[in-house]
$ cat structure.pdb   # PDB, C-alpha atoms
ATOM      1  CA  MET A   1      71.110 -47.307 -75.603
ATOM      2  CA  SER A   2      72.197 -45.534 -78.767
ATOM      3  CA  SER A   3      75.291 -44.189 -80.513
ATOM      4  CA  HIS A   4      78.495 -46.214 -80.431
ATOM      5  CA  ALA A   5      81.097 -43.600 -79.485
ATOM      6  CA  ARG A   6      83.674 -43.052 -76.726
ATOM      7  CA  GLU A   7      84.504 -39.731 -75.233
ATOM      8  CA  ASP A   8      86.534 -37.921 -72.628
ATOM      9  CA  GLY A   9      86.614 -34.491 -71.160
ATOM     10  CA  PRO A  10      86.951 -32.353 -68.027
ATOM     11  CA  GLY A  11      83.808 -31.765 -66.087
ATOM     12  CA  GLY A  12      82.514 -30.072 -63.000
ATOM     13  CA  ILE A  13      84.600 -31.301 -60.080
ATOM     14  CA  GLY A  14      83.288 -31.030 -56.564
ATOM     15  CA  ARG A  15      84.073 -33.565 -53.882
ATOM     16  CA  ARG A  16      86.609 -35.565 -55.883
ATOM     17  CA  ALA A  17      89.418 -34.889 -53.419
ATOM     18  CA  VAL A  18      87.810 -37.065 -50.746
ATOM     19  CA  LEU A  19      86.449 -40.578 -51.112
ATOM     20  CA  ARG A  20      83.003 -40.992 -49.654
ATOM     21  CA  GLY A  21      84.296 -44.081 -47.905
ATOM     22  CA  GLY A  22      87.538 -42.411 -46.801
ATOM     23  CA  LEU A  23      91.075 -43.651 -47.023
ATOM     24  CA  VAL A  24      92.688 -46.312 -44.889
ATOM     25  CA  ALA A  25      96.396 -45.757 -44.429
ATOM     26  CA  ALA A  26      98.569 -48.831 -44.724
ATOM     27  CA  GLY A  27     102.213 -49.516 -44.207
ATOM     28  CA  GLY A  28     102.625 -49.336 -40.412
ATOM     29  CA  VAL A  29     104.790 -52.105 -38.952
ATOM     30  CA  LEU A  30     105.112 -53.339 -35.409
ATOM     31  CA  LEU A  31     108.608 -53.378 -33.946
ATOM     32  CA  GLY A  32     108.990 -54.303 -30.297
ATOM     33  CA  GLY A  33     105.357 -53.543 -29.668
ATOM     34  CA  ALA A  34     105.539 -50.007 -31.081
ATOM     35  CA  ALA A  35     103.996 -48.973 -34.368
ATOM     36  CA  GLN A  36     106.643 -47.690 -36.754
ATOM     37  CA  ILE A  37     106.010 -45.974 -40.060
ATOM     38  CA  ALA A  38     108.200 -47.235 -42.868
ATOM     39  CA  ALA A  39     110.436 -44.660 -44.523
ATOM     40  CA  ALA A  40     109.070 -45.564 -47.955
ATOM     41  CA  PRO A  41     105.913 -43.760 -49.126
ATOM     42  CA  ARG A  42     102.878 -45.295 -47.518
ATOM     43  CA  ALA A  43     100.289 -47.022 -49.614
ATOM     44  CA  ALA A  44      96.700 -45.902 -49.261
ATOM     45  CA  ALA A  45      93.791 -48.264 -49.613
ATOM     46  CA  ALA A  46      90.682 -46.628 -51.017
ATOM     47  CA  ALA A  47      87.509 -47.730 -49.297
ATOM     48  CA  GLU A  48      84.694 -49.151 -51.383
ATOM     49  CA  PRO A  49      82.264 -46.387 -52.376
ATOM     50  CA  PRO A  50      78.516 -46.938 -51.997
ATOM     51  CA  VAL A  51      77.591 -49.370 -54.775
ATOM     52  CA  HIS A  52      73.954 -50.321 -55.364
ATOM     53  CA  THR A  53      73.648 -54.047 -55.914
ATOM     54  CA  ARG A  54      71.793 -55.782 -58.715
ATOM     55  CA  ALA A  55      69.057 -56.659 -56.231
ATOM     56  CA  ALA A  56      68.614 -52.971 -55.429
ATOM     57  CA  TRP A  57      67.916 -52.020 -59.048
ATOM     58  CA  ALA A  58      65.895 -55.188 -59.693
ATOM     59  CA  ALA A  59      68.151 -56.844 -62.249
ATOM     60  CA  ARG A  60      66.862 -59.740 -64.322
ATOM     61  CA  PRO A  61      68.485 -63.123 -63.785
ATOM     62  CA  PRO A  62      71.347 -63.627 -66.251
ATOM     63  CA  LYS A  63      71.072 -66.264 -68.940
ATOM     64  CA  SER A  64      74.085 -67.933 -67.333
ATOM     65  CA  PRO A  65      76.401 -67.125 -64.424
ATOM     66  CA  ALA A  66      79.329 -64.862 -65.179
ATOM     67  CA  GLN A  67      82.787 -66.320 -65.625
ATOM     68  CA  VAL A  68      84.989 -65.333 -62.687
ATOM     69  CA  LEU A  69      88.769 -65.354 -63.050
ATOM     70  CA  ALA A  70      90.997 -65.622 -59.993
ATOM     71  CA  GLN A  71      93.154 -62.719 -61.128
ATOM     72  CA  ALA A  72      93.099 -58.952 -61.336
ATOM     73  CA  PRO A  73      92.219 -57.214 -64.608
ATOM     74  CA  ALA A  74      94.954 -55.286 -66.380
ATOM     75  CA  TYR A  75      92.774 -52.316 -67.342
ATOM     76  CA  ILE A  76      90.058 -50.140 -65.838
ATOM     77  CA  VAL A  77      88.097 -49.012 -68.888
ATOM     78  CA  VAL A  78      86.033 -45.813 -68.973
ATOM     79  CA  HIS A  79      82.961 -45.838 -71.243
ATOM     80  CA  HIS A  80      80.000 -43.589 -71.877
ATOM     81  CA  THR A  81      76.532 -44.969 -72.481
ATOM     82  CA  ALA A  82      75.963 -42.692 -75.502
ATOM     83  CA  THR A  83      72.469 -42.009 -74.185
ATOM     84  CA  ALA A  84      70.821 -38.667 -73.420
ATOM     85  CA  ASN A  85      72.513 -36.358 -70.916
ATOM     86  CA  SER A  86      69.601 -36.665 -68.520
ATOM     87  CA  THR A  87      68.788 -33.947 -66.024
ATOM     88  CA  ASP A  88      67.087 -36.497 -63.776
ATOM     89  CA  HIS A  89      69.727 -37.272 -61.180
ATOM     90  CA  SER A  90      67.520 -39.321 -58.887
ATOM     91  CA  LEU A  91      68.289 -42.804 -57.631
ATOM     92  CA  GLU A  92      65.099 -44.045 -59.282
ATOM     93  CA  HIS A  93      66.367 -42.826 -62.649
ATOM     94  CA  ALA A  94      69.739 -44.511 -62.026
ATOM     95  CA  PHE A  95      68.016 -47.827 -61.333
ATOM     96  CA  SER A  96      65.899 -47.417 -64.457
ATOM     97  CA  LEU A  97      69.091 -46.768 -66.458
ATOM     98  CA  SER A  98      70.636 -50.019 -65.219
ATOM     99  CA  ARG A  99      67.522 -51.963 -66.165
ATOM    100  CA  ALA A 100      67.443 -50.345 -69.625
ATOM    101  CA  ILE A 101      71.100 -51.199 -70.230
ATOM    102  CA  GLN A 102      70.571 -54.799 -69.147
ATOM    103  CA  ASN A 103      67.492 -55.160 -71.359
ATOM    104  CA  PHE A 104      69.370 -53.745 -74.349
ATOM    105  CA  HIS A 105      72.409 -55.932 -73.820
ATOM    106  CA  MET A 106      70.397 -59.108 -73.302
ATOM    107  CA  ASP A 107      67.476 -58.597 -75.687
ATOM    108  CA  THR A 108      69.119 -56.653 -78.537
ATOM    109  CA  ASN A 109      72.743 -57.747 -78.316
ATOM    110  CA  GLY A 110      71.893 -61.278 -77.225
ATOM    111  CA  TRP A 111      74.391 -61.242 -74.362
ATOM    112  CA  ASP A 112      74.049 -63.291 -71.205
ATOM    113  CA  ASP A 113      73.740 -60.197 -68.997
ATOM    114  CA  THR A 114      74.775 -56.564 -68.671
ATOM    115  CA  GLY A 115      78.099 -56.140 -70.437
ATOM    116  CA  GLN A 116      79.948 -53.867 -68.010
ATOM    117  CA  GLN A 117      80.809 -54.499 -64.382
ATOM    118  CA  LEU A 118      79.814 -51.061 -63.036
ATOM    119  CA  THR A 119      77.540 -48.191 -64.069
ATOM    120  CA  ILE A 120      77.566 -44.569 -62.856
ATOM    121  CA  SER A 121      74.571 -42.310 -63.408
ATOM    122  CA  ARG A 122      74.715 -38.570 -64.015
ATOM    123  CA  GLY A 123      73.513 -38.182 -60.446
ATOM    124  CA  GLY A 124      76.650 -39.962 -59.221
ATOM    125  CA  HIS A 125      74.916 -43.195 -58.233
ATOM    126  CA  ILE A 126      77.125 -46.269 -58.688
ATOM    127  CA  MET A 127      75.488 -49.569 -59.648
ATOM    128  CA  GLU A 128      76.731 -53.117 -59.948
ATOM    129  CA  GLY A 129      76.415 -54.307 -63.543
ATOM    130  CA  ARG A 130      77.196 -57.873 -64.630
ATOM    131  CA  ASN A 131      76.309 -60.545 -62.108
ATOM    132  CA  SER A 132      78.956 -61.364 -59.468
ATOM    133  CA  SER A 133      80.901 -58.153 -60.199
ATOM    134  CA  LEU A 134      80.760 -56.676 -56.704
ATOM    135  CA  PRO A 135      81.868 -59.767 -54.770
ATOM    136  CA  ALA A 136      84.553 -60.393 -57.384
ATOM    137  CA  VAL A 137      86.116 -56.954 -56.885
ATOM    138  CA  ARG A 138      86.015 -57.423 -53.136
ATOM    139  CA  ALA A 139      87.885 -60.724 -53.546
ATOM    140  CA  GLY A 140      90.409 -59.289 -56.001
ATOM    141  CA  ASP A 141      88.932 -61.420 -58.785
ATOM    142  CA  HIS A 142      87.698 -60.450 -62.232
ATOM    143  CA  VAL A 143      84.278 -61.032 -63.763
ATOM    144  CA  VAL A 144      84.560 -61.417 -67.534
ATOM    145  CA  GLY A 145      82.228 -58.875 -69.126
ATOM    146  CA  ALA A 146      81.240 -57.963 -72.679
ATOM    147  CA  HIS A 147      82.241 -54.324 -73.110
ATOM    148  CA  VAL A 148      85.483 -54.329 -75.149
ATOM    149  CA  ALA A 149      86.440 -56.438 -78.142
ATOM    150  CA  ASN A 150      89.180 -59.001 -77.470
ATOM    151  CA  TYR A 151      90.046 -57.692 -73.983
ATOM    152  CA  ASN A 152      87.110 -58.721 -71.803
ATOM    153  CA  GLY A 153      89.265 -61.179 -69.901
ATOM    154  CA  VAL A 154      91.603 -58.401 -68.741
ATOM    155  CA  ALA A 155      89.387 -55.306 -68.548
ATOM    156  CA  VAL A 156      86.864 -54.119 -65.974
ATOM    157  CA  GLY A 157      84.401 -51.646 -67.484
ATOM    158  CA  ILE A 158      82.666 -48.575 -66.059
ATOM    159  CA  GLU A 159      79.687 -47.211 -68.020
ATOM    160  CA  ASN A 160      79.144 -43.499 -67.415
ATOM    161  CA  GLU A 161      75.660 -42.256 -68.247
ATOM    162  CA  GLY A 162      75.512 -39.736 -71.060
ATOM    163  CA  THR A 163      77.124 -38.746 -74.338
ATOM    164  CA  TYR A 164      80.410 -36.889 -73.992
ATOM    165  CA  THR A 165      81.421 -36.066 -77.543
ATOM    166  CA  SER A 166      81.069 -32.348 -76.744
ATOM    167  CA  ALA A 167      79.362 -32.110 -73.343
ATOM    168  CA  GLN A 168      81.022 -32.543 -69.955
ATOM    169  CA  PRO A 169      79.935 -35.066 -67.331
ATOM    170  CA  THR A 170      78.250 -33.737 -64.229
ATOM    171  CA  GLY A 171      80.328 -33.044 -61.150
ATOM    172  CA  ALA A 172      78.494 -35.798 -59.301
ATOM    173  CA  LEU A 173      79.312 -38.342 -62.005
ATOM    174  CA  TYR A 174      82.955 -37.296 -62.164
ATOM    175  CA  ASP A 175      83.374 -37.445 -58.396
ATOM    176  CA  ALA A 176      81.851 -40.928 -58.310
ATOM    177  CA  LEU A 177      84.140 -41.981 -61.166
ATOM    178  CA  VAL A 178      87.186 -40.816 -59.181
ATOM    179  CA  GLU A 179      86.002 -42.789 -56.150
ATOM    180  CA  THR A 180      85.263 -45.865 -58.225
ATOM    181  CA  CYS A 181      88.612 -45.827 -60.012
ATOM    182  CA  ALA A 182      90.487 -45.310 -56.735
ATOM    183  CA  TRP A 183      88.658 -48.275 -55.226
ATOM    184  CA  LEU A 184      89.411 -50.496 -58.229
ATOM    185  CA  CYS A 185      93.085 -49.479 -58.362
ATOM    186  CA  SER A 186      93.374 -50.268 -54.667
ATOM    187  CA  ALA A 187      91.413 -53.532 -54.800
ATOM    188  CA  TYR A 188      93.428 -54.798 -57.757
ATOM    189  CA  ALA A 189      96.795 -53.207 -56.862
ATOM    190  CA  ARG A 190      96.846 -51.494 -60.263
ATOM    191  CA  PRO A 191      98.506 -48.169 -61.074
ATOM    192  CA  VAL A 192      96.439 -45.185 -62.155
ATOM    193  CA  SER A 193      97.988 -45.606 -65.612
ATOM    194  CA  ALA A 194      95.727 -48.666 -65.955
ATOM    195  CA  ILE A 195      92.743 -46.287 -66.200
ATOM    196  CA  ILE A 196      92.089 -46.014 -69.919
ATOM    197  CA  GLY A 197      89.304 -45.215 -72.370
ATOM    198  CA  HIS A 198      87.439 -47.682 -74.565
ATOM    199  CA  ARG A 199      89.096 -46.142 -77.617
ATOM    200  CA  ASP A 200      92.491 -47.188 -76.257
ATOM    201  CA  LEU A 201      91.521 -50.814 -76.922
ATOM    202  CA  ASN A 202      89.073 -50.647 -79.842
ATOM    203  CA  ALA A 203      88.502 -48.321 -82.799
ATOM    204  CA  THR A 204      85.576 -46.396 -81.322
ATOM    205  CA  ALA A 205      84.658 -42.833 -80.402
ATOM    206  CA  CYS A 206      83.781 -44.009 -76.878
ATOM    207  CA  PRO A 207      83.965 -42.529 -74.251
ATOM    208  CA  GLY A 208      83.658 -39.333 -76.313
ATOM    209  CA  ASP A 209      86.255 -36.664 -76.982
ATOM    210  CA  VAL A 210      85.425 -34.674 -73.847
ATOM    211  CA  LEU A 211      85.472 -37.522 -71.347
ATOM    212  CA  TYR A 212      88.479 -39.083 -73.038
ATOM    213  CA  GLY A 213      90.286 -35.755 -72.762
ATOM    214  CA  MET A 214      89.614 -35.800 -69.017
ATOM    215  CA  LEU A 215      91.430 -39.084 -68.429
ATOM    216  CA  PRO A 216      94.802 -37.489 -67.577
ATOM    217  CA  GLN A 217      93.088 -35.371 -64.895
ATOM    218  CA  LEU A 218      91.172 -38.429 -63.707
ATOM    219  CA  ARG A 219      94.428 -40.327 -63.254
ATOM    220  CA  ARG A 220      95.920 -37.405 -61.342
ATOM    221  CA  ASP A 221      92.889 -37.112 -59.071
ATOM    222  CA  VAL A 222      92.865 -40.849 -58.378
ATOM    223  CA  GLY A 223      96.620 -40.814 -57.820
ATOM    224  CA  ALA A 224      96.247 -38.023 -55.269
ATOM    225  CA  LEU A 225      94.109 -40.364 -53.180
ATOM    226  CA  LEU A 226      96.467 -43.315 -53.384
ATOM    227  CA  GLY A 227     100.070 -44.052 -52.465
ATOM    228  CA  ALA A 228     103.079 -43.481 -54.695
ATOM    229  CA  GLU A 229     103.080 -47.127 -55.729
ATOM    230  CA  HIS A 230      99.868 -46.478 -57.688
ATOM    231  CA  ARG A 231     101.406 -43.622 -59.674
ATOM    232  CA  ARG A 232     103.811 -45.711 -61.734
ATOM    233  CA  PRO A 233     103.494 -46.017 -65.522
ATOM    234  CA  LEU A 234     102.414 -49.222 -67.161
ATOM    235  CA  PRO A 235     105.335 -51.257 -68.488
ATOM    236  CA  ALA A 236     105.613 -51.315 -72.266
ATOM    237  CA  SER A 237     104.306 -54.887 -72.382
ATOM    238  CA  GLU A 238     101.033 -53.837 -70.714
ATOM    239  CA  ARG A 239     100.267 -50.671 -72.647
ATOM    240  CA  PRO A 240      97.033 -50.761 -74.665
ATOM    241  CA  PRO A 241      97.170 -50.719 -78.475
ATOM    242  CA  TYR A 242      95.561 -47.242 -78.945
ATOM    243  CA  PRO A 243      93.763 -48.134 -82.198
ATOM    244  CA  ARG A 244      92.746 -45.445 -84.623
ATOM    245  CA  VAL A 245      89.490 -43.726 -83.646
ATOM    246  CA  PRO A 246      86.786 -43.552 -86.347
ATOM    247  CA  GLU A 247      86.537 -40.221 -88.120
ATOM    248  CA  PRO A 248      84.068 -37.683 -86.681
ATOM    249  CA  GLY A 249      80.624 -37.765 -88.178
ATOM    250  CA  ARG A 250      80.462 -41.507 -88.579
ATOM    251  CA  ILE A 251      77.683 -42.451 -86.193
ATOM    252  CA  LEU A 252      77.281 -46.115 -85.391
ATOM    253  CA  GLU A 253      74.512 -47.724 -83.432
ATOM    254  CA  PHE A 254      75.570 -48.274 -79.860
ATOM    255  CA  ARG A 255      76.075 -51.973 -79.104
ATOM    256  CA  HIS A 256      78.245 -51.413 -76.333
ATOM    257  CA  GLY A 257      80.957 -52.275 -78.457
ATOM    258  CA  PRO A 258      82.546 -53.403 -80.452
ATOM    259  CA  ALA A 259      82.282 -55.602 -77.383
ATOM    260  CA  LEU A 260      83.019 -58.984 -78.843
ATOM    261  CA  GLY A 261      85.573 -59.779 -81.502
ATOM    262  CA  ARG A 262      86.590 -62.822 -83.508
ATOM    263  CA  ARG A 263      89.469 -63.528 -81.157
ATOM    264  CA  ASP A 264      87.370 -63.053 -78.029
ATOM    265  CA  PRO A 265      86.281 -66.418 -76.610
ATOM    266  CA  ASN A 266      84.146 -64.767 -73.949
ATOM    267  CA  ALA A 267      80.971 -64.312 -75.983
ATOM    268  CA  GLY A 268      77.990 -63.244 -73.937
TER     269      GLY A 268
END

$ encode --input "structure.pdb" --output "structure tokens"
Amino acid sequence: MSSHAREDGPGGIGRRAVLRGGLVAAGGVLLGGAAQIAAAPRAAAAAEPPVHTRAAWAARPPKSPAQVLAQAPAYIVVHHTATANSTDHSLEHAFSLSRAIQNFHMDTNGWDDTGQQLTISRGGHIMEGRNSSLPAVRAGDHVVGAHVANYNGVAVGIENEGTYTSAQPTGALYDALVETCAWLCSAYARPVSAIIGHRDLNATACPGDVLYGMLPQLRRDVGALLGAEHRRPLPASERPPYPRVPEPGRILEFRHGPALGRRDPNAG
């Protein structure tokens, strides 16, 4: 994994309007044996998209089990891997990407495991990252990762394959990102305003100017799949710090980071 930048931008959009898993309407109540629909806007629960487990991509055992918190994360953080914008969109390539990320994070960074909870390839394949991430999301819990400095205890991270400083993500990747974010917002009862970029928490170019610029559209597309309750703004007390992004041209080696800071007790 190379280049330590964060970017955003609009990309080809194909099937984003429909979750692969579909939507499950909620909010019906039973009154006298008859199903009544509440007058308030109905919530929509986004089904879990197809996520390939660690076993599927042949993950290494972690150095130690992940820390699992019995609480929802505050933020859903969009990253890019800062790797090549591969034209190989196969599942085999996606699995190889996950193994390469894990090897880099464990062998070069010295972390206990993959830093992020989820990875999306340019072919739109979604993979479980850090150990225990998938069951934790299903339970509404949070696996502490190693992908943002000082906020790992409150941030779930999605690595998107590629470098998006000037290029756009593929339509398949973007569609999968919409599905993934809708699922996470639903599973954690978080508003779409909780979907942020790495640079909103740390001084980094990640997830790249193009992908970062796409975040408002991403929030709108995710919001279109969910109920009105998910389209509320974050209260002032929960808004990220929006640190200053490094000036263009300053290329830093990609660590996925800065992932760990002096005030972050969750090393590894």

$ residues_around --input "structure.pdb" --residues "Asn103 of chain A" --least-positions-apart "5" --cutoff "10 Å" --atoms "only C-alpha atoms" --output "MDAnalysis selection string"
chainID A and resid 1 59:60 97:98 108:111 113:114

$ residues_around --input "structure.pdb" --residues "Gly153 of chain A" --least-positions-apart "3" --cutoff "8 Å" --atoms "all atoms listed in the file" --output "PyMOL selection string"
chain A and resi 73+142-145+150+266

$ closest_residue --input "structure.pdb" --among "A:Asn131, A:Asn152, A:Ser90, A:Ser121" --to "Asn202 of chain A" --atoms "only C-alpha atoms"
A:Asn152

$ resolve_selection --input "structure.pdb" --expression "the PyMOL selection byres ((chain A and resi 133) around 9)" --output "list in words"
Ala66, Val68, Gln116, Gln117, Leu118, Glu128, Gly129, Arg130, Asn131, Ser132, Leu134, Pro135, Ala136, Val137, Arg138, Asp141, His142, Val143 and Val144 of chain A

$ atom_distance --input "structure.pdb" --atom1 "atom CA of Leu173 of chain A" --atom2 "atom CA of Ala55 of chain A"
21.8 Å

$ resolve_selection --input "structure.pdb" --expression "the PyMOL selection byres ((chain A and resi 157) around 7)" --output "ChimeraX atom specification"
/A:76-78,116-118,147,155-156,158-159

$ atom_distance --input "structure.pdb" --atom1 "atom CA of Thr119 of chain A" --atom2 "atom CA of Pro49 of chain A"
12.7 Å

$ atom_distance --input "structure.pdb" --atom1 "atom CA of His93 of chain A" --atom2 "atom CA of Arg122 of chain A"
9.5 Å

$ residues_around --input "structure.pdb" --residues "Val222 of chain A" --least-positions-apart "2" --cutoff "12 Å" --atoms "all atoms listed in the file" --output "ChimeraX atom specification"
/A:16-19,23,44-46,174-186,190-195,215-220,224-228,230-231

$ closest_residue --input "structure.pdb" --among "A:Gly223, A:Gly123, A:Pro233, A:Pro243" --to "Asn160 of chain A" --atoms "all atoms listed in the file"
A:Gly123

$ closest_residue --input "structure.pdb" --among "A:Pro240, A:Pro50, A:Gly140, A:Pro62" --to "Asp200 of chain A" --atoms "only C-alpha atoms"
A:Pro240

$ residues_near_point --input "structure.pdb" --point "(72.6, -48.2, -55.4)" --cutoff "7 Å" --atoms "only C-alpha atoms" --output "compact mmCIF listing (two decimals) with C-alpha atoms, in the coordinates of the input"
# COMPACT_ATOMS: atom_id res chain seq x y z
CA PRO A 50 78.52 -46.94 -52.00
CA VAL A 51 77.59 -49.37 -54.78
CA HIS A 52 73.95 -50.32 -55.36
CA THR A 53 73.65 -54.05 -55.91
CA ALA A 56 68.61 -52.97 -55.43
CA HIS A 125 74.92 -43.20 -58.23
CA ILE A 126 77.12 -46.27 -58.69
CA MET A 127 75.49 -49.57 -59.65

$ axis_aligned_box --input "structure.pdb" --around "segment 206-223 of chain A" --padding-each-side "3 Å" --output "AutoDock Vina command-line options"
--center_x 90.1 --center_y -39.3 --center_z -67.4 --size_x 19.0 --size_y 15.3 --size_z 25.2

$ resolve_selection --input "structure.pdb" --expression "the PyMOL selection byres ((chain A and resi 242) around 10)" --output "list in words"
Ile196, Gly197, His198, Arg199, Asp200, Leu201, Asn202, Ala203, Arg239, Pro240, Pro241, Pro243, Arg244 and Val245 of chain A
